[in-house]
$ cat target-v4.cif   # mmCIF, C-alpha atoms
data_input
loop_
_atom_site.label_atom_id
_atom_site.label_comp_id
_atom_site.auth_asym_id
_atom_site.auth_seq_id
_atom_site.Cartn_x
_atom_site.Cartn_y
_atom_site.Cartn_z
CA MET A 1 12.08 27.91 34.43
CA SER A 2 9.30 30.41 33.82
CA GLY A 3 8.90 28.99 30.27
CA VAL A 4 8.27 25.53 31.67
CA SER A 5 5.74 26.91 34.15
CA LYS A 6 3.97 28.80 31.35
CA ALA A 7 3.81 25.65 29.25
CA LYS A 8 2.38 23.73 32.20
CA LYS A 9 -0.19 26.44 32.80
CA LEU A 10 -1.17 26.41 29.12
CA THR A 11 -1.56 22.66 29.21
CA ARG A 12 -3.82 22.94 32.25
CA GLU A 13 -5.86 25.62 30.51
CA ASP A 14 -6.05 23.47 27.37
CA GLU A 15 -7.24 20.58 29.49
CA LEU A 16 -9.98 22.68 31.06
CA LEU A 17 -10.98 24.02 27.64
CA GLN A 18 -11.09 20.49 26.30
CA GLN A 19 -13.24 19.39 29.21
CA PHE A 20 -15.81 22.11 28.67
CA SER A 21 -15.76 22.16 24.86
CA ASN A 22 -18.15 20.44 22.46
CA ASN A 23 -15.39 18.10 21.23
CA VAL A 24 -15.61 14.50 22.36
CA THR A 25 -12.43 13.07 23.91
CA ALA A 26 -10.83 10.02 22.35
CA ARG A 27 -11.80 7.86 25.33
CA ASN A 28 -15.38 9.03 25.20
CA SER A 29 -15.47 8.55 21.47
CA ALA A 30 -14.30 4.94 21.88
CA THR A 31 -17.02 4.35 24.50
CA PHE A 32 -19.65 5.83 22.22
CA TYR A 33 -18.62 3.90 19.11
CA GLY A 34 -18.28 0.65 21.09
CA ASN A 35 -21.75 1.03 22.57
CA ALA A 36 -23.27 2.18 19.30
CA ALA A 37 -21.79 -0.81 17.43
CA ILE A 38 -23.23 -3.27 19.96
CA VAL A 39 -26.67 -1.69 19.88
CA ALA A 40 -26.67 -1.35 16.09
CA ILE A 41 -26.03 -5.07 15.58
CA LEU A 42 -28.68 -6.22 18.10
CA PRO A 43 -31.62 -5.88 15.64
CA ILE A 44 -29.88 -8.35 13.28
CA TRP A 45 -30.97 -11.14 15.66
CA LEU A 46 -34.62 -10.14 15.34
CA PHE A 47 -34.49 -9.85 11.57
CA TYR A 48 -32.60 -13.13 11.23
CA ARG A 49 -34.88 -15.12 13.52
CA ILE A 50 -38.27 -13.50 13.04
CA GLN A 51 -38.15 -11.91 9.59
CA GLN A 52 -36.11 -14.90 8.31
CA LEU A 53 -33.50 -12.67 6.69
CA ASP A 54 -30.58 -14.94 5.81
CA LEU A 55 -27.29 -13.94 7.45
CA VAL A 56 -24.87 -15.00 4.72
CA SER A 57 -26.72 -13.72 1.67
CA ASN A 58 -27.50 -10.40 3.39
CA ALA A 59 -24.08 -9.92 5.00
CA ILE A 60 -23.36 -6.77 2.96
CA LEU A 61 -26.73 -5.24 3.83
CA PHE A 62 -26.28 -6.01 7.54
CA THR A 63 -22.74 -4.57 7.57
CA ALA A 64 -23.68 -1.40 5.70
CA VAL A 65 -26.79 -0.62 7.75
CA SER A 66 -25.01 -1.44 11.03
CA ALA A 67 -22.07 0.82 10.11
CA VAL A 68 -24.33 3.76 9.24
CA SER A 69 -26.42 3.19 12.37
CA THR A 70 -23.26 3.02 14.53
CA TYR A 71 -22.12 6.39 13.16
CA LEU A 72 -25.54 8.00 13.70
CA LEU A 73 -25.93 6.59 17.20
CA ALA A 74 -22.43 7.72 18.23
CA MET A 75 -23.29 11.19 16.93
CA ALA A 76 -26.53 11.17 18.95
CA TYR A 77 -24.68 10.03 22.11
CA ALA A 78 -22.20 12.90 21.78
CA ARG A 79 -24.90 15.54 21.24
CA VAL A 80 -27.13 14.41 24.10
CA GLN A 81 -24.09 14.08 26.35
CA PHE A 82 -22.98 17.64 25.59
CA VAL A 83 -26.39 19.16 26.37
CA THR A 84 -26.98 17.00 29.46
CA LYS A 85 -23.50 17.61 30.82
CA HIS A 86 -24.07 21.35 31.26
CA LYS A 87 -27.46 20.86 32.89
CA LEU A 88 -26.04 18.24 35.26
CA ALA A 89 -23.01 20.39 36.10
CA GLN A 90 -25.35 23.11 37.37
CA LYS A 91 -27.44 20.63 39.33
CA ARG A 92 -24.45 18.98 41.01
CA GLU A 93 -22.64 22.21 41.99
CA GLN A 94 -23.92 22.29 45.56
CA ALA A 95 -23.17 18.63 46.18
CA ILE A 96 -19.67 18.91 44.71
CA ASN A 97 -18.93 21.94 46.88
CA ARG A 98 -19.85 19.91 49.91
CA GLU A 99 -17.85 16.91 48.74
CA VAL A 100 -14.73 19.04 48.16
CA ALA A 101 -15.21 20.76 51.53
CA LEU A 102 -15.37 17.35 53.21
CA GLU A 103 -12.32 16.24 51.25
CA PHE A 104 -10.18 19.21 52.32
CA GLY A 105 -11.49 19.09 55.90
CA ASP A 106 -9.57 21.46 58.17
CA ARG A 107 -6.67 21.82 55.72
CA LYS A 108 -6.06 25.40 54.72
CA VAL A 109 -6.19 25.82 50.94
CA SER A 110 -6.36 28.88 48.76
CA ARG A 111 -9.68 29.90 47.27
CA ASP A 112 -8.28 29.44 43.74
CA GLU A 113 -7.14 25.90 44.47
CA ARG A 114 -10.48 25.07 46.03
CA ASP A 115 -12.45 26.57 43.10
CA GLU A 116 -10.31 24.71 40.60
CA ARG A 117 -10.85 21.46 42.47
CA VAL A 118 -14.62 22.06 42.51
CA LEU A 119 -14.61 22.90 38.80
CA CYS A 120 -12.64 19.77 37.86
CA ARG A 121 -14.71 17.49 40.07
CA LYS A 122 -17.95 18.99 38.78
CA ASN A 123 -16.79 18.44 35.24
CA GLU A 124 -15.80 14.85 35.95
CA VAL A 125 -19.11 14.03 37.62
CA ALA A 126 -21.19 15.78 34.96
CA GLN A 127 -19.24 14.03 32.20
CA TYR A 128 -19.68 10.62 33.85
CA GLU A 129 -23.40 11.03 34.45
CA ALA A 130 -24.08 12.66 31.08
CA THR A 131 -22.24 9.90 29.22
CA HIS A 132 -24.23 7.14 30.87
CA TYR A 133 -27.51 9.02 30.66
CA SER A 134 -26.94 9.70 26.96
CA ILE A 135 -26.19 6.03 26.24
CA PHE A 136 -29.22 4.90 28.25
CA TYR A 137 -31.58 7.42 26.62
CA ASN A 138 -30.45 6.88 23.02
CA ASN A 139 -30.32 3.08 23.34
CA SER A 140 -33.86 3.01 24.77
CA VAL A 141 -35.24 5.23 22.01
CA PHE A 142 -33.36 3.39 19.25
CA LEU A 143 -34.40 -0.12 20.33
CA SER A 144 -38.02 0.91 20.92
CA LEU A 145 -38.17 2.51 17.49
CA VAL A 146 -36.65 -0.57 15.82
CA VAL A 147 -39.30 -2.81 17.39
CA PHE A 148 -42.15 -0.41 16.57
CA LEU A 149 -41.09 0.25 12.97
CA GLY A 150 -39.82 -3.23 12.08
CA PHE A 151 -42.54 -5.29 13.71
CA TYR A 152 -45.57 -3.02 13.54
CA LEU A 153 -45.36 -0.22 11.00
CA PHE A 154 -43.29 -1.92 8.26
CA ARG A 155 -44.08 -5.55 9.15
CA SER A 156 -45.73 -6.27 5.82
CA LEU A 157 -42.82 -4.97 3.75
CA ALA A 158 -40.16 -7.23 2.24
CA PRO A 159 -37.73 -8.21 5.06
CA GLY A 160 -34.69 -6.55 3.44
CA LEU A 161 -36.46 -3.24 2.90
CA ASN A 162 -38.01 -3.47 6.35
CA TYR A 163 -34.55 -3.91 7.90
CA ILE A 164 -33.12 -0.89 6.05
CA LEU A 165 -36.08 1.34 6.88
CA SER A 166 -36.54 0.33 10.50
CA VAL A 167 -32.90 0.15 11.64
CA GLY A 168 -31.55 2.96 9.43
CA GLY A 169 -34.68 5.03 10.07
CA SER A 170 -34.50 4.55 13.83
CA ALA A 171 -30.82 5.54 13.95
CA GLY A 172 -31.57 8.57 11.76
CA LEU A 173 -34.50 9.55 13.95
CA VAL A 174 -32.41 9.20 17.12
CA ALA A 175 -29.68 11.40 15.57
CA PHE A 176 -32.33 13.91 14.47
CA LEU A 177 -33.97 14.01 17.91
CA SER A 178 -30.59 14.64 19.53
CA THR A 179 -30.24 17.91 17.60
CA GLY A 180 -33.48 19.29 18.99
CA LYS A 181 -32.36 19.62 22.63
CA MET B 1 -101.61 -36.25 -35.07
CA ARG B 2 -103.47 -35.81 -31.75
CA LEU B 3 -103.64 -39.55 -31.39
CA PHE B 4 -99.89 -39.79 -31.90
CA VAL B 5 -99.16 -37.23 -29.15
CA LEU B 6 -101.50 -39.02 -26.73
CA LEU B 7 -99.81 -42.34 -27.46
CA ALA B 8 -96.36 -40.83 -26.87
CA CYS B 9 -97.48 -39.42 -23.50
CA VAL B 10 -98.85 -42.77 -22.40
CA CYS B 11 -95.63 -44.55 -23.41
CA PHE B 12 -93.48 -42.02 -21.54
CA THR B 13 -95.53 -42.33 -18.34
CA TYR B 14 -95.32 -46.11 -18.55
CA ALA B 15 -91.55 -46.00 -19.03
CA GLU B 16 -91.20 -43.68 -16.00
CA GLU B 17 -93.21 -46.08 -13.89
CA GLN B 18 -91.06 -49.00 -15.04
CA LYS B 19 -87.71 -47.30 -14.22
CA LEU B 20 -85.71 -49.38 -11.72
CA PRO B 21 -84.56 -47.83 -8.42
CA GLU B 22 -80.88 -46.92 -8.45
CA ALA B 23 -78.25 -45.27 -6.28
CA ARG B 24 -76.96 -41.81 -7.07
CA LEU B 25 -73.93 -40.55 -5.19
CA LEU B 26 -73.05 -36.92 -4.80
CA SER B 27 -69.45 -36.60 -3.65
CA LEU B 28 -67.60 -33.72 -2.17
CA LYS B 29 -63.86 -33.17 -1.64
CA LYS B 30 -62.82 -30.38 0.73
CA VAL B 31 -59.45 -29.03 1.85
CA LEU B 32 -59.98 -27.99 5.46
CA ASN B 33 -56.88 -25.84 6.04
CA ARG B 34 -57.06 -22.09 5.75
CA TYR B 35 -53.35 -21.84 4.92
CA LEU B 36 -51.51 -24.47 2.94
CA VAL B 37 -47.92 -24.59 4.13
CA GLU B 38 -44.88 -26.55 3.00
CA ASN B 39 -44.06 -29.41 5.42
CA ARG B 40 -47.24 -28.78 7.45
CA ASP B 41 -50.27 -31.06 7.60
CA VAL B 42 -53.13 -30.50 5.16
CA SER B 43 -56.47 -32.13 6.01
CA VAL B 44 -58.66 -33.31 3.16
CA ASP B 45 -62.23 -34.40 3.77
CA TYR B 46 -64.41 -36.49 1.43
CA GLU B 47 -68.18 -36.76 1.84
CA LEU B 48 -70.46 -39.06 -0.15
CA PHE B 49 -74.27 -38.60 -0.16
CA ASN B 50 -76.62 -41.14 -1.65
CA VAL B 51 -79.50 -39.14 -3.14
CA GLY B 52 -80.83 -42.11 -5.12
CA ASP B 53 -83.54 -44.55 -4.12
CA ALA B 54 -81.42 -47.71 -3.90
CA PRO B 55 -78.34 -48.51 -1.81
CA ALA B 56 -74.97 -47.86 -3.46
CA LEU B 57 -72.87 -51.01 -3.22
CA ASN B 58 -69.17 -51.67 -3.28
CA VAL B 59 -68.32 -47.97 -3.20
CA LYS B 60 -64.66 -47.24 -3.89
CA LEU B 61 -63.12 -43.82 -3.41
CA THR B 62 -59.71 -43.33 -5.01
CA ASP B 63 -57.71 -40.11 -4.98
CA ARG B 64 -54.80 -40.10 -7.40
CA THR B 65 -54.29 -36.35 -7.26
CA PHE B 66 -51.54 -36.28 -4.62
CA PRO B 67 -48.34 -37.39 -6.39
CA PRO B 68 -45.79 -38.99 -4.00
CA SER B 69 -43.13 -36.60 -5.31
CA ASP B 70 -45.09 -33.60 -3.96
CA PHE B 71 -47.01 -34.99 -0.97
CA ASP B 72 -46.40 -37.44 1.87
CA VAL B 73 -49.42 -39.21 3.33
CA VAL B 74 -49.32 -38.60 7.09
CA SER B 75 -52.57 -40.23 8.12
CA GLY B 76 -55.50 -41.90 6.41
CA SER B 77 -55.46 -43.47 3.00
CA LEU B 78 -55.77 -42.34 -0.60
CA ASP B 79 -58.27 -45.19 -1.14
CA ALA B 80 -61.41 -45.93 0.81
CA LYS B 81 -64.01 -48.65 0.41
CA PHE B 82 -67.60 -48.71 1.69
CA GLU B 83 -69.69 -51.88 1.33
CA LYS B 84 -73.03 -50.10 1.22
CA ILE B 85 -74.41 -46.58 1.39
CA LEU B 86 -78.15 -46.61 2.01
CA PRO B 87 -80.49 -44.16 0.26
CA GLY B 88 -80.46 -40.83 2.07
CA ALA B 89 -77.33 -41.76 4.02
CA ASN B 90 -73.92 -40.20 3.84
CA VAL B 91 -70.38 -41.29 4.69
CA SER B 92 -67.15 -39.38 5.06
CA HIS B 93 -63.47 -40.12 4.78
CA SER B 94 -60.51 -38.04 5.92
CA LEU B 95 -56.93 -37.87 4.82
CA VAL B 96 -53.93 -35.90 6.08
CA VAL B 97 -51.15 -35.15 3.63
CA ARG B 98 -48.04 -33.03 3.92
CA PRO B 99 -46.80 -31.05 0.91
CA ASN B 100 -43.03 -31.18 0.56
CA LYS B 101 -42.81 -28.35 -1.96
CA TYR B 102 -44.24 -24.88 -2.09
CA GLY B 103 -45.98 -23.16 -5.01
CA LEU B 104 -49.35 -23.37 -6.71
CA PHE B 105 -51.10 -26.72 -6.69
CA ASN B 106 -54.30 -27.66 -8.44
CA PHE B 107 -56.47 -29.82 -6.19
CA THR B 108 -58.58 -31.84 -8.62
CA SER B 109 -61.30 -34.41 -8.11
CA ALA B 110 -61.07 -37.92 -6.71
CA GLU B 111 -62.80 -40.85 -8.41
CA VAL B 112 -65.77 -42.74 -6.97
CA THR B 113 -67.04 -46.06 -8.39
CA TYR B 114 -70.12 -47.93 -7.17
CA ARG B 115 -72.81 -50.42 -8.13
CA ILE B 116 -76.09 -48.62 -8.64
CA SER B 117 -78.38 -51.31 -7.10
CA GLU B 118 -78.46 -54.79 -5.72
CA ASP B 119 -80.10 -56.13 -8.89
CA SER B 120 -77.71 -54.49 -11.25
CA THR B 121 -74.11 -55.32 -12.01
CA GLU B 122 -73.54 -51.94 -13.63
CA GLU B 123 -70.67 -49.97 -12.11
CA ARG B 124 -71.01 -46.24 -12.23
CA ILE B 125 -67.98 -43.95 -12.18
CA SER B 126 -68.33 -40.45 -10.79
CA PHE B 127 -66.00 -37.70 -9.61
CA THR B 128 -65.90 -35.61 -6.49
CA THR B 129 -65.96 -31.83 -6.55
CA GLU B 130 -62.68 -30.00 -7.20
CA PRO B 131 -61.34 -27.80 -4.39
CA GLY B 132 -59.45 -25.87 -7.08
CA GLN B 133 -56.08 -24.21 -7.17
CA GLY B 134 -54.35 -23.40 -3.90
CA GLY B 135 -51.07 -21.72 -3.12
CA ILE B 136 -48.76 -23.69 -0.85
CA MET B 137 -46.82 -21.19 1.24
CA PRO B 138 -43.09 -21.68 1.91
CA GLU B 139 -42.46 -22.74 5.51
CA VAL B 140 -40.07 -19.81 6.03
CA GLU B 141 -42.75 -17.30 4.96
CA TYR B 142 -45.31 -18.94 7.24
CA GLU B 143 -42.91 -18.79 10.21
CA ARG B 144 -42.24 -15.13 9.44
CA ARG B 145 -45.91 -14.20 9.36
CA PHE B 146 -47.57 -16.37 11.97
CA SER B 147 -45.12 -17.83 14.46
CA PRO B 148 -45.13 -15.95 17.83
CA HIS B 149 -41.33 -16.35 18.31
CA TYR B 150 -41.54 -16.03 22.10
CA LEU B 151 -38.09 -17.51 22.60
CA ASP B 152 -36.51 -15.19 20.02
CA TRP B 153 -38.07 -12.14 21.67
CA ALA B 154 -36.93 -13.35 25.08
CA VAL B 155 -33.35 -13.73 23.83
CA PHE B 156 -33.50 -10.25 22.29
CA ALA B 157 -34.78 -8.77 25.53
CA LEU B 158 -32.07 -10.56 27.50
CA VAL B 159 -29.30 -9.39 25.18
CA SER B 160 -30.51 -5.79 24.85
CA MET B 161 -31.29 -5.22 28.53
CA PRO B 162 -27.63 -4.71 29.61
CA SER B 163 -27.20 -1.96 27.00
CA ILE B 164 -30.10 -0.07 28.63
CA LEU B 165 -29.96 -1.08 32.27
CA LEU B 166 -26.19 -0.84 32.83
CA PRO B 167 -25.84 2.84 31.76
CA TYR B 168 -29.00 3.67 33.69
CA PHE B 169 -27.68 1.98 36.82
CA LEU B 170 -24.34 3.86 36.58
CA TYR B 171 -26.11 7.19 35.99
CA HIS B 172 -28.60 6.56 38.78
CA SER B 173 -26.00 5.49 41.34
CA SER B 174 -23.98 8.68 40.78
CA LYS B 175 -27.15 10.81 40.82
CA SER B 176 -28.34 9.23 44.08
CA ARG B 177 -24.94 9.75 45.67
CA TYR B 178 -24.80 13.50 44.94
CA GLU B 179 -28.47 14.09 45.69
CA GLY B 180 -27.89 12.32 48.99
CA LEU B 181 -25.02 14.70 49.75
CA VAL B 182 -27.30 17.71 49.17
CA LYS B 183 -30.03 16.24 51.38
CA SER B 184 -27.61 15.40 54.21
CA LYS B 185 -26.33 19.00 54.09
CA ALA B 186 -29.89 20.33 54.26
CA LYS B 187 -30.51 18.25 57.42
#

$ encode --input "target-v4.cif" --output "structure tokens"
Amino acid sequence: MSGVSKAKKLTREDELLQQFSNNVTARNSATFYGNAAIVAILPIWLFYRIQQLDLVSNAILFTAVSAVSTYLLAMAYARVQFVTKHKLAQKREQAINREVALEFGDRKVSRDERDERVLCRKNEVAQYEATHYSIFYNNSVFLSLVVFLGFYLFRSLAPGLNYILSVGGSAGLVAFLSTGK
Amino acid sequence: MRLFVLLACVCFTYAEEQKLPEARLLSLKKVLNRYLVENRDVSVDYELFNVGDAPALNVKLTDRTFPPSDFDVVSGSLDAKFEKILPGANVSHSLVVRPNKYGLFNFTSAEVTYRISEDSTEERISFTTEPGQGGIMPEVEYERRFSPHYLDWAVFALVSMPSILLPYFLYHSSKSRYEGLVKSKAK
């Protein structure tokens, strides 16, 4: 009986460790890669319509650059999320305490149970906000950079080279900027 | 010897005085477009000036330099006829063609024939100026460089907005909710 309880406790501890570690959960990872893939393929429209880069003959180029950009963007999402999550967790502490107090009401609960509830809720909220903030921030920077590089800085280059430099370069720059926080 | 030179001078002066008045046409061919683009109109302008002292009659302008395999005539004609161009007067003729291929094209001169005076039956043949070699740009390249693509940008903005606005909205709604909780506690 005590073995089962120990295992349960370990699992709970593992869960908490997982929540506060740098590792991205599978669900989060799927969200990041899904978002990154969508955003990485958006510039293809601009290069196909405006730079007249043919879709069929450049299919390999589009696939390769989009795949690399997806990986770099997902990496940037994870890094920004990790840094933001801890800042947000501190900011939300007071509000979460109040929310949990309202939730328990007059019910008598132990201090440990209450603290654990606050910790879990704080982690959930910080994770949720950090994930969406990270996606918003990185998408904005990436798309702005693509437009600036592709249609201003490298506009006179050959369309293929322009696509590689502006999309690959923007994704690289976003990933690089995410390390600086 | 001196007598011979004097005689020659007198003869030359007499011949000059006896020369009949005749028309002299100066003709100009101009391509008006700044950029020559495949499947886009190219305007060509011809101007004829009579700098002679007699009217030019039965003036025919013929341009055989636009082969039907490379150009379609959109407006105007490759031939023009003017009954009379008075001394000191000028006439012009315009033509709009559309190149159906891209690449380098040598714009050469058109041919002008006219009678030099009313008393003469002599037909003079002259040529217009040559605009020279011009590069006809592929339509795709022209679109890439000069078209504003408003619709394409609008579609891009429409498609990319959800990827920015949706995460921001979700982040902001949660942020507002918890900041509201703190404020309500402070009150």

$ resolve_selection --input "target-v4.cif" --expression "the PyMOL selection byres ((chain B) within 8 of (chain A))" --output "MDAnalysis selection string"
chainID B and resid 140:141 143:144 149 152:153 156 159:160 163:168 170:171 174:175 178:179 181:182 185

$ atom_distance --input "target-v4.cif" --atom1 "atom CA of B:Phe146" --atom2 "atom CA of A:Val56"
23.9 Å

$ resolve_selection --input "target-v4.cif" --expression "the PyMOL selection byres ((chain A and resi 149) around 9)" --output "VMD selection string"
chain A and resid 144 to 148 150 to 155 162 165 to 167 169 to 170

$ atom_distance --input "target-v4.cif" --atom1 "atom CA of B:Asn50" --atom2 "atom CA of B:Lys81"
14.8 Å

$ residues_around --input "target-v4.cif" --residues "B:Pro67" --least-positions-apart "6" --cutoff "12 Å" --atoms "all atoms listed in the file" --output "compact mmCIF listing (two decimals) with C-alpha atoms, keeping the file's coordinate frame"
# COMPACT_ATOMS: atom_id res chain seq x y z
CA VAL B 73 -49.42 -39.21 3.33
CA LEU B 78 -55.77 -42.34 -0.60
CA VAL B 97 -51.15 -35.15 3.63
CA ARG B 98 -48.04 -33.03 3.92
CA PRO B 99 -46.80 -31.05 0.91
CA ASN B 100 -43.03 -31.18 0.56
CA LYS B 101 -42.81 -28.35 -1.96
CA PHE B 105 -51.10 -26.72 -6.69
CA ASN B 106 -54.30 -27.66 -8.44
CA PHE B 107 -56.47 -29.82 -6.19
CA THR B 108 -58.58 -31.84 -8.62

$ residues_near_point --input "target-v4.cif" --point "(-64.6, -48.2, -8.8)" --cutoff "9 Å" --atoms "only C-alpha atoms" --output "PyMOL selection string"
chain B and resi 58-62+111-115+123-126

$ write_last_selection --input "target-v4.cif" --atoms "C-alpha atoms" --output "PDB file, keeping the file's coordinate frame"
ATOM      1  CA  ASN B  58     -69.170 -51.670  -3.280  1.00  0.00           C
ATOM      2  CA  VAL B  59     -68.320 -47.970  -3.200  1.00  0.00           C
ATOM      3  CA  LYS B  60     -64.660 -47.240  -3.890  1.00  0.00           C
ATOM      4  CA  LEU B  61     -63.120 -43.820  -3.410  1.00  0.00           C
ATOM      5  CA  THR B  62     -59.710 -43.330  -5.010  1.00  0.00           C
ATOM      6  CA  GLU B 111     -62.800 -40.850  -8.410  1.00  0.00           C
ATOM      7  CA  VAL B 112     -65.770 -42.740  -6.970  1.00  0.00           C
ATOM      8  CA  THR B 113     -67.040 -46.060  -8.390  1.00  0.00           C
ATOM      9  CA  TYR B 114     -70.120 -47.930  -7.170  1.00  0.00           C
ATOM     10  CA  ARG B 115     -72.810 -50.420  -8.130  1.00  0.00           C
ATOM     11  CA  GLU B 123     -70.670 -49.970 -12.110  1.00  0.00           C
ATOM     12  CA  ARG B 124     -71.010 -46.240 -12.230  1.00  0.00           C
ATOM     13  CA  ILE B 125     -67.980 -43.950 -12.180  1.00  0.00           C
ATOM     14  CA  SER B 126     -68.330 -40.450 -10.790  1.00  0.00           C
TER      15      SER B 126
END

$ resolve_selection --input "target-v4.cif" --expression "the PyMOL selection byres ((chain B and resi 39) around 10)" --output "count of residues only"
18

$ closest_residue --input "target-v4.cif" --among "B:Tyr35, B:Phe127, B:Phe49, B:Tyr150" --to "B:Asn90" --atoms "only C-alpha atoms"
B:Phe49

$ closest_residue --input "target-v4.cif" --among "B:Asp53, B:Glu130, B:Asp79, B:Asp70" --to "B:His93" --atoms "only C-alpha atoms"
B:Asp79

$ atom_distance --input "target-v4.cif" --atom1 "atom CA of B:Ser176" --atom2 "atom CA of A:Gln81"
18.9 Å

$ closest_residue --input "target-v4.cif" --among "B:Thr65, B:Ser43, B:Gln133, B:Ser173" --to "B:Gly103" --atoms "all atoms listed in the file"
B:Gln133
